[in-house]
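Source file: model-v8.csv; contents: CSV, C-alpha atoms.
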chain,number,residue,atom,x,y,z
A,220,MET,CA,83.5,-19.9,-3.4
A,221,LEU,CA,86.8,-21.1,-2.1
A,222,GLU,CA,89.3,-22.8,-4.4
A,223,LEU,CA,92.0,-25.2,-3.5
A,224,PRO,CA,94.5,-26.3,-6.2
A,225,TRP,CA,95.6,-29.6,-4.6
A,226,LEU,CA,99.1,-30.5,-5.6
A,227,PRO,CA,100.1,-33.8,-4.1
A,228,PHE,CA,103.7,-34.5,-3.1
A,229,HIS,CA,106.0,-35.7,-5.9
A,230,LYS,CA,109.7,-36.4,-6.4
A,231,LEU,CA,110.3,-34.8,-9.7
A,232,GLY,CA,112.9,-32.4,-8.3
A,233,VAL,CA,115.2,-35.1,-6.8
A,234,SER,CA,117.7,-35.0,-9.6
A,235,LYS,CA,118.0,-31.2,-9.3
A,236,TYR,CA,118.8,-31.6,-5.6
A,237,GLU,CA,121.4,-34.3,-6.4
A,238,ALA,CA,123.0,-32.1,-9.1
A,239,LEU,CA,123.3,-29.2,-6.6
A,240,GLY,CA,124.6,-31.5,-3.9
A,241,ILE,CA,121.7,-30.7,-1.6
A,242,PRO,CA,120.2,-33.5,0.4
A,243,PHE,CA,116.6,-34.2,-0.5
A,244,ARG,CA,115.1,-34.7,3.0
A,245,LEU,CA,111.8,-36.0,1.8
A,246,ARG,CA,113.3,-38.9,-0.2
A,247,ASP,CA,111.7,-41.5,2.0
A,248,ASN,CA,108.3,-40.0,2.0
A,249,PRO,CA,105.9,-42.0,-0.1
A,250,VAL,CA,104.2,-40.4,-3.1
A,251,PRO,CA,100.4,-40.5,-2.5
A,252,ASP,CA,98.3,-43.0,-4.4
A,253,PRO,CA,96.1,-41.3,-7.1
A,254,VAL,CA,93.0,-42.7,-5.5
A,255,MET,CA,93.9,-41.2,-2.2
A,256,THR,CA,94.6,-37.9,-3.8
A,257,GLU,CA,91.1,-37.9,-5.5
A,258,ASN,CA,89.5,-38.9,-2.2
A,259,VAL,CA,91.1,-35.8,-0.5
A,260,ARG,CA,89.8,-33.6,-3.3
A,261,ALA,CA,86.3,-35.1,-3.0
A,262,ARG,CA,86.3,-34.4,0.7
A,263,PHE,CA,87.0,-30.8,0.1
A,264,ARG,CA,84.4,-30.6,-2.6
A,265,GLN,CA,81.8,-32.0,-0.2
A,266,GLN,CA,82.5,-29.0,2.0
A,267,GLY,CA,81.9,-26.6,-0.9
A,268,VAL,CA,85.5,-26.0,-1.8
A,269,ALA,CA,86.5,-26.2,-5.5
A,270,ALA,CA,89.4,-28.6,-5.2
A,271,TYR,CA,91.2,-29.6,-8.4
As a first step, turn the structure in this file into C-alpha cells.
Amino acid sequence: MLELPWLPFHKLGVSKYEALGIPFRLRDNPVPDPVMTENVRARFRQQGVAAY
C-alpha cells in the first residue's frame, strides 16, 4: 500500500524568515481551506493511497 503524509502549505515559519532577513516568497500564497485539504486526501484514498 502506498502512503502519502499530506502536509498542506502553512505560514508558520514567516517570523523566522523575517528574523533572518530572508524574504518569504510565498507570503501571498493562500493557506488552503481545511475542507479542500480533506477533499484532496479523500481523492488519494479513493485511489488506494493511504493519505493522512
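Within 12 Å of A:Gly232, once all atoms listed in the file are used and residues closer than 4 positions along the same chain are dropped, the contacting residues are Phe228, Tyr236, Glu237, Ala238, Leu239, Ile241, Pro242, Phe243, Arg244, Leu245 and Arg246 of chain A.
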Within 10 Å of A:Phe263 using only C-alpha atoms, minus same-chain residues under 6 positions, as a list of chain:residue names:
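Non-adjacent residues within range: A:Leu221, A:Glu222, A:Leu223, A:Trp225, A:Glu257, A:Ala269, A:Ala270, A:Tyr271.
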Those same residues - C-alpha atoms - I'd like them written as a PDB file, keeping the file's coordinate frame.
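Written output follows (part.pdb):
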ATOM      1  CA  LEU A 221      86.800 -21.100  -2.100  1.00  0.00           C
ATOM      2  CA  GLU A 222      89.300 -22.800  -4.400  1.00  0.00           C
ATOM      3  CA  LEU A 223      92.000 -25.200  -3.500  1.00  0.00           C
ATOM      4  CA  TRP A 225      95.600 -29.600  -4.600  1.00  0.00           C
ATOM      5  CA  GLU A 257      91.100 -37.900  -5.500  1.00  0.00           C
ATOM      6  CA  ALA A 269      86.500 -26.200  -5.500  1.00  0.00           C
ATOM      7  CA  ALA A 270      89.400 -28.600  -5.200  1.00  0.00           C
ATOM      8  CA  TYR A 271      91.200 -29.600  -8.400  1.00  0.00           C
TER       9      TYR A 271
END
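The interatomic distance for the pair atom CA of A:Lys235 and atom CA of A:Arg260 works out to 28.9 Å.
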So how far away is atom CA of A:Gly267 from atom CA of A:Asp252, in Å?
23.5 Å
Between atom CA of A:Val250 and atom CA of A:Leu231, what distance in Å does the model show, to one decimal?
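So the two atoms, atom CA of A:Val250 and atom CA of A:Leu231, lie 10.6 Å apart.
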